[in-house]
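So the structure is just underneath, and the comments pick up after that.
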Amino acid sequence: NAGVTQTPKFRVLKTGQSMTLLCAQDMNHEYMYWYRQDPGMGLRLIHYSVGEGTTAKGEVPDGYNVSRLKKQNFLLGLESAAPSQTSVYFCASSWTGVGSYNEQFFGPGTRLTVL
Amino acid sequence: AQSVTQLGSHVSVSEGALVLLRCNYSSSVPPYLFWYVQYPNQGLQLLLKYTSAATLVKGINGFEAEFKKSETSFHLTKPSAHMSDAAEYFCAVSDRRGSQGNLIFGKGTKLSVKP
């Protein structure tokens, strides 16, 4: 199993450009999450999904959109990138049911720089 | 609302010395608690988790943590630091009742190990 994978690993954008980050998991997990990590801020939840076709806002959703058309994929979009969106983005997934305890499994991250 | 406070953004120890990383949580309901480790340029990896089965939890790489309800703490320890332990460590809390499996993360503690 590959676990949680993220594409791309690195990206540089100019202000105003758009892009989509792809997260894929092969563990048949119901829940998926997008976080951003900034120095001294820990991880902050952007959006999450509790199942195919569902999405919900997290702590810092402004400027981002998401879609979950397939259970295994969770896409994060930036419609008009801003320098404040320079960050490292992590995707995570988790399963539901007895014994899950809400443990999340993380991807390797995407480092995004907006100039 | 749940929250996590990690005391000390940077901790430095000598190789072979005790590692103690502090985490205090706030939760109105019995929580699940986690410690994750992040090595440079990598994603987060689960070290250990508290699920109420036992208050002293053992994890990977010789780490352990003790849940103390009276102190609302879940400090991470390792008797003898190794150079390979240098990383950033995140404490996280989750509501047992679900909250769509959301985790609330602390801001992280960067551990340096001196030879």
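Just remember, in the structure tokens the first chain shown is A, the second B, etc., residues are 1-based per chain, and ligands are 1-based in the order shown.
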For this session: With a distance threshold of 10 Å and counting only C-alpha atoms, extract the residues of chain B near chain A and express them as a PyMOL selection string.
Result: chain B and resi 9+31-34+36+38+41-46+48-51+89-110
With a distance cut-off of 12 Å and only C-alpha atoms, select the neighbouring residues of Val11 (chain B), excluding the residue or stretch itself and same-chain residues fewer than 5 positions from it, and output the selection as a short mmCIF file (atom, residue, chain, number, x, y, z; two decimals) with all heavy atoms, in the first residue's frame.
data_model
loop_
_atom_site.label_atom_id
_atom_site.label_comp_id
_atom_site.auth_asym_id
_atom_site.auth_seq_id
_atom_site.Cartn_x
_atom_site.Cartn_y
_atom_site.Cartn_z
N GLN B 6 1.47 23.15 23.86
CA GLN B 6 2.77 22.52 24.00
C GLN B 6 3.73 23.55 24.58
O GLN B 6 3.93 24.62 23.99
CB GLN B 6 3.28 22.00 22.65
CG GLN B 6 2.47 20.85 22.13
CD GLN B 6 3.04 20.26 20.85
OE1 GLN B 6 2.37 20.21 19.82
NE2 GLN B 6 4.29 19.82 20.90
N LEU B 18 17.57 12.47 29.21
CA LEU B 18 16.12 12.29 29.20
C LEU B 18 15.47 13.32 28.27
O LEU B 18 15.82 14.50 28.26
CB LEU B 18 15.58 12.49 30.61
CG LEU B 18 14.06 12.54 30.77
CD1 LEU B 18 13.46 11.17 30.55
CD2 LEU B 18 13.69 13.10 32.14
N VAL B 19 14.49 12.84 27.51
CA VAL B 19 13.67 13.73 26.70
C VAL B 19 12.31 13.90 27.38
O VAL B 19 11.67 12.91 27.75
CB VAL B 19 13.44 13.16 25.28
CG1 VAL B 19 12.48 14.05 24.49
CG2 VAL B 19 14.77 13.01 24.55
N LEU B 20 11.90 15.15 27.57
CA LEU B 20 10.58 15.45 28.14
C LEU B 20 9.96 16.56 27.32
O LEU B 20 10.45 17.69 27.31
CB LEU B 20 10.69 15.88 29.60
CG LEU B 20 9.39 16.42 30.24
CD1 LEU B 20 8.29 15.38 30.21
CD2 LEU B 20 9.66 16.91 31.66
N LEU B 21 8.87 16.24 26.62
CA LEU B 21 8.14 17.23 25.84
C LEU B 21 6.75 17.35 26.46
O LEU B 21 6.05 16.35 26.62
CB LEU B 21 8.04 16.80 24.37
CG LEU B 21 9.37 16.53 23.68
CD1 LEU B 21 9.13 16.17 22.22
CD2 LEU B 21 10.32 17.69 23.79
N ARG B 22 6.37 18.59 26.76
CA ARG B 22 5.15 18.80 27.54
C ARG B 22 3.94 19.13 26.67
O ARG B 22 4.05 19.89 25.71
CB ARG B 22 5.37 19.93 28.55
CG ARG B 22 6.47 19.65 29.54
CD ARG B 22 6.69 20.83 30.48
NE ARG B 22 7.87 20.64 31.31
CZ ARG B 22 7.87 19.97 32.46
NH1 ARG B 22 6.74 19.48 32.93
NH2 ARG B 22 8.98 19.85 33.15
N ALA B 81 18.01 10.04 24.90
CA ALA B 81 17.87 10.62 23.56
C ALA B 81 18.93 10.08 22.61
O ALA B 81 20.09 9.84 23.00
CB ALA B 81 17.98 12.14 23.64
N ASP B 85 16.49 11.16 17.06
CA ASP B 85 15.24 11.70 17.61
C ASP B 85 15.02 13.17 17.27
O ASP B 85 13.95 13.72 17.53
CB ASP B 85 15.21 11.54 19.14
CG ASP B 85 15.19 10.10 19.58
OD1 ASP B 85 14.60 9.27 18.86
OD2 ASP B 85 15.80 9.80 20.63
N ALA B 86 16.01 13.81 16.69
CA ALA B 86 15.89 15.22 16.32
C ALA B 86 14.78 15.36 15.28
O ALA B 86 14.86 14.79 14.18
CB ALA B 86 17.20 15.74 15.77
N ALA B 87 13.74 16.10 15.64
CA ALA B 87 12.56 16.22 14.80
C ALA B 87 11.62 17.22 15.47
O ALA B 87 11.92 17.76 16.53
CB ALA B 87 11.86 14.87 14.64
N GLU B 88 10.48 17.43 14.84
CA GLU B 88 9.43 18.25 15.47
C GLU B 88 8.32 17.32 15.93
O GLU B 88 7.94 16.39 15.21
CB GLU B 88 8.90 19.30 14.51
CG GLU B 88 8.00 20.33 15.19
CD GLU B 88 7.88 21.64 14.44
OE1 GLU B 88 8.17 21.67 13.24
OE2 GLU B 88 7.47 22.64 15.08
N TYR B 89 7.81 17.59 17.12
CA TYR B 89 6.81 16.73 17.74
C TYR B 89 5.53 17.51 17.98
O TYR B 89 5.56 18.64 18.47
CB TYR B 89 7.35 16.17 19.07
CG TYR B 89 8.51 15.23 18.87
CD1 TYR B 89 9.79 15.72 18.62
CD2 TYR B 89 8.33 13.85 18.89
CE1 TYR B 89 10.86 14.87 18.41
CE2 TYR B 89 9.39 12.98 18.68
CZ TYR B 89 10.65 13.50 18.44
OH TYR B 89 11.71 12.63 18.23
N GLY B 108 3.58 22.59 18.17
CA GLY B 108 4.77 21.80 17.90
C GLY B 108 5.95 22.17 18.79
O GLY B 108 6.08 23.30 19.24
N THR B 109 6.81 21.17 19.05
CA THR B 109 8.07 21.37 19.77
C THR B 109 9.19 20.76 18.95
O THR B 109 9.13 19.58 18.61
CB THR B 109 8.03 20.71 21.16
OG1 THR B 109 7.01 21.31 21.95
CG2 THR B 109 9.38 20.86 21.86
N LYS B 110 10.17 21.60 18.64
CA LYS B 110 11.30 21.11 17.86
C LYS B 110 12.37 20.60 18.82
O LYS B 110 12.84 21.34 19.68
CB LYS B 110 11.86 22.22 16.98
CG LYS B 110 12.86 21.75 15.94
CD LYS B 110 13.05 22.79 14.85
CE LYS B 110 11.86 22.92 13.95
NZ LYS B 110 12.11 23.79 12.77
N LEU B 111 12.74 19.34 18.68
CA LEU B 111 13.73 18.71 19.55
C LEU B 111 15.08 18.67 18.85
O LEU B 111 15.19 18.15 17.74
CB LEU B 111 13.29 17.30 19.92
CG LEU B 111 14.29 16.48 20.74
CD1 LEU B 111 14.47 17.08 22.12
CD2 LEU B 111 13.85 15.02 20.83
N SER B 112 16.06 19.23 19.49
CA SER B 112 17.45 19.13 19.01
C SER B 112 18.22 18.21 19.95
O SER B 112 18.02 18.26 21.18
CB SER B 112 18.12 20.50 18.99
OG SER B 112 17.42 21.39 18.16
N VAL B 113 19.10 17.38 19.38
CA VAL B 113 19.90 16.46 20.19
C VAL B 113 21.37 16.77 19.92
O VAL B 113 21.84 16.66 18.78
CB VAL B 113 19.58 14.99 19.85
CG1 VAL B 113 20.41 14.06 20.74
CG2 VAL B 113 18.09 14.73 20.03
N LYS B 114 22.09 17.14 20.97
CA LYS B 114 23.50 17.50 20.85
C LYS B 114 24.37 16.27 21.10
O LYS B 114 24.09 15.49 22.00
CB LYS B 114 23.85 18.59 21.86
CG LYS B 114 23.10 19.89 21.68
CD LYS B 114 23.39 20.87 22.80
CE LYS B 114 22.80 20.40 24.10
NZ LYS B 114 22.95 21.43 25.18
#
Problem set entry | Pick from A:Ser87, A:Thr20, A:Gln25, A:Ser80 nearest to Ser67 (chain A), counting only C-alpha atoms |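 Of A:Ser87, A:Thr20, A:Gln25, A:Ser80, the one nearest Ser67 (chain A) is A:Thr20, counting only C-alpha atoms.
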Exercise. What lies within 6 Å of Glu52 (chain A) using only C-alpha atoms, ignoring chain neighbours under 2 positions off, as a list of chain:residue names?
Worked result: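 With the cut-off at 6 Å, the set is A:Thr54, A:Arg68, A:Leu69, A:Lys70, A:Lys71.
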Problem set entry | Counting only C-alpha atoms, the option among A:Asn1, A:Gln6, A:Gln17, A:Gln85 closest to Asn73 (chain A) |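 Of the candidates, the smallest distance to Asn73 (chain A) is held by A:Gln6.
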Exercise. Hey, what's within 12 Å of Leu13 (chain A) if we count only C-alpha atoms and toss same-chain stuff fewer than 6 positions away? As a PyMOL selection string, please?
Worked result: chain A and resi 19-20+78-87+111-115
Would you write out those residues with C-alpha atoms, as a PDB file, in the first residue's frame?
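Produced file again23.pdb, reproduced below:
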ATOM      1  CA  MET A  19      -3.706  25.377  -9.106  1.00  0.00           C
ATOM      2  CA  THR A  20      -5.028  22.100  -7.752  1.00  0.00           C
ATOM      3  CA  LEU A  78      -6.535  27.685  -5.060  1.00  0.00           C
ATOM      4  CA  GLU A  79      -8.481  29.892  -7.468  1.00  0.00           C
ATOM      5  CA  SER A  80      -6.332  33.017  -7.163  1.00  0.00           C
ATOM      6  CA  ALA A  81      -3.146  32.381  -5.234  1.00  0.00           C
ATOM      7  CA  ALA A  82      -1.857  34.961  -2.766  1.00  0.00           C
ATOM      8  CA  PRO A  83       1.545  35.202  -1.042  1.00  0.00           C
ATOM      9  CA  SER A  84      -0.227  34.443   2.270  1.00  0.00           C
ATOM     10  CA  GLN A  85      -0.924  30.966   0.896  1.00  0.00           C
ATOM     11  CA  THR A  86       2.770  30.129   0.812  1.00  0.00           C
ATOM     12  CA  SER A  87       2.889  27.117   3.072  1.00  0.00           C
ATOM     13  CA  ARG A 111       5.540  22.794  -0.509  1.00  0.00           C
ATOM     14  CA  LEU A 112       3.873  25.762  -2.228  1.00  0.00           C
ATOM     15  CA  THR A 113       5.467  29.147  -2.780  1.00  0.00           C
ATOM     16  CA  VAL A 114       3.427  32.067  -4.096  1.00  0.00           C
ATOM     17  CA  LEU A 115       5.486  34.952  -5.429  1.00  0.00           C
TER      18      LEU A 115
END
Exercise. How many Å separate CA of Glu71 (chain B) from CA of Ser26 (chain B)?
Worked result: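 Distance reported for this atom pair: 10.2 Å.
Distance check against Leu47 (chain B) using only C-alpha atoms: of B:Asn24, B:Ser84, B:Gln2, B:Asn61, the minimum falls on B:Asn61.
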For this session: Looking only at strand (DSSP E) from DSSP on the backbone, list the matching residues of region 2-94 of chain A as a VMD selection string.
Result: chain A and resid 4 to 7 10 to 13 19 to 25 31 to 38 42 to 49 56 to 57 65 to 67 73 to 78 87 to 94
Output the selection as a PDB file, in the first residue's frame - C-alpha atoms for each residue.
ATOM      1  CA  VAL A   4      -1.532   8.709   1.377  1.00  0.00           C
ATOM      2  CA  THR A   5       0.155  10.328  -1.605  1.00  0.00           C
ATOM      3  CA  GLN A   6       0.224  13.969  -2.663  1.00  0.00           C
ATOM      4  CA  THR A   7       0.886  15.561  -6.038  1.00  0.00           C
ATOM      5  CA  PHE A  10       6.747  21.306  -4.886  1.00  0.00           C
ATOM      6  CA  ARG A  11       5.165  24.177  -6.765  1.00  0.00           C
ATOM      7  CA  VAL A  12       5.893  27.841  -7.344  1.00  0.00           C
ATOM      8  CA  LEU A  13       3.035  30.108  -8.401  1.00  0.00           C
ATOM      9  CA  MET A  19      -3.706  25.377  -9.106  1.00  0.00           C
ATOM     10  CA  THR A  20      -5.028  22.100  -7.752  1.00  0.00           C
ATOM     11  CA  LEU A  21      -3.345  19.837  -5.249  1.00  0.00           C
ATOM     12  CA  LEU A  22      -4.225  16.170  -5.446  1.00  0.00           C
ATOM     13  CA  CYS A  23      -4.400  13.788  -2.519  1.00  0.00           C
ATOM     14  CA  ALA A  24      -4.966  10.072  -2.997  1.00  0.00           C
ATOM     15  CA  GLN A  25      -5.313   7.275  -0.455  1.00  0.00           C
ATOM     16  CA  TYR A  31     -12.549  10.738   6.088  1.00  0.00           C
ATOM     17  CA  MET A  32     -10.005  12.995   4.413  1.00  0.00           C
ATOM     18  CA  TYR A  33      -8.470  16.300   5.473  1.00  0.00           C
ATOM     19  CA  TRP A  34      -6.386  19.169   4.154  1.00  0.00           C
ATOM     20  CA  TYR A  35      -4.076  21.061   6.509  1.00  0.00           C
ATOM     21  CA  ARG A  36      -1.586  23.835   6.096  1.00  0.00           C
ATOM     22  CA  GLN A  37       1.567  24.058   8.190  1.00  0.00           C
ATOM     23  CA  ASP A  38       3.274  27.349   8.869  1.00  0.00           C
ATOM     24  CA  GLY A  42       1.278  23.916  13.997  1.00  0.00           C
ATOM     25  CA  LEU A  43      -1.219  22.332  11.612  1.00  0.00           C
ATOM     26  CA  ARG A  44      -4.421  24.157  10.794  1.00  0.00           C
ATOM     27  CA  LEU A  45      -7.374  22.442   9.174  1.00  0.00           C
ATOM     28  CA  ILE A  46      -8.489  23.956   5.857  1.00  0.00           C
ATOM     29  CA  HIS A  47     -11.286  21.649   4.721  1.00  0.00           C
ATOM     30  CA  TYR A  48     -12.314  18.093   5.347  1.00  0.00           C
ATOM     31  CA  SER A  49     -14.614  15.422   3.954  1.00  0.00           C
ATOM     32  CA  ALA A  56     -16.904  20.909   5.061  1.00  0.00           C
ATOM     33  CA  LYS A  57     -14.948  23.960   6.188  1.00  0.00           C
ATOM     34  CA  ASN A  65     -11.985  25.075  -2.416  1.00  0.00           C
ATOM     35  CA  VAL A  66     -12.145  21.300  -2.287  1.00  0.00           C
ATOM     36  CA  SER A  67     -13.856  18.412  -3.999  1.00  0.00           C
ATOM     37  CA  ASN A  73      -9.233  11.341  -3.893  1.00  0.00           C
ATOM     38  CA  PHE A  74      -9.483  14.737  -2.235  1.00  0.00           C
ATOM     39  CA  LEU A  75      -8.566  17.828  -4.262  1.00  0.00           C
ATOM     40  CA  LEU A  76      -7.580  21.214  -2.881  1.00  0.00           C
ATOM     41  CA  GLY A  77      -7.901  24.195  -5.198  1.00  0.00           C
ATOM     42  CA  LEU A  78      -6.535  27.685  -5.060  1.00  0.00           C
ATOM     43  CA  SER A  87       2.889  27.117   3.072  1.00  0.00           C
ATOM     44  CA  VAL A  88       3.351  23.375   3.304  1.00  0.00           C
ATOM     45  CA  TYR A  89       0.110  21.531   2.660  1.00  0.00           C
ATOM     46  CA  PHE A  90      -0.626  18.129   4.148  1.00  0.00           C
ATOM     47  CA  CYS A  91      -3.379  15.724   3.323  1.00  0.00           C
ATOM     48  CA  ALA A  92      -4.539  13.118   5.820  1.00  0.00           C
ATOM     49  CA  SER A  93      -7.123  10.366   5.990  1.00  0.00           C
ATOM     50  CA  SER A  94      -8.795   8.325   8.699  1.00  0.00           C
TER      51      SER A  94
END
Problem set entry | Atomic separation - CA of Asp26 (chain A) relative to CA of Gly51 (chain A), Å | 14.3 Å
Exercise. By how many Å are CA of Tyr64 (chain A) and CA of Gly16 (chain A) apart?
Worked result: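 We find that CA of Tyr64 (chain A) and CA of Gly16 (chain A) lie 12.9 Å from each other.
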For this session: Write out as number ranges by chain which residues come within 7 Å of Thr55 (chain B) when counting only C-alpha atoms, dropping same-chain ones fewer than 2 positions away.
Result: B: 52-53, 57, 66-67
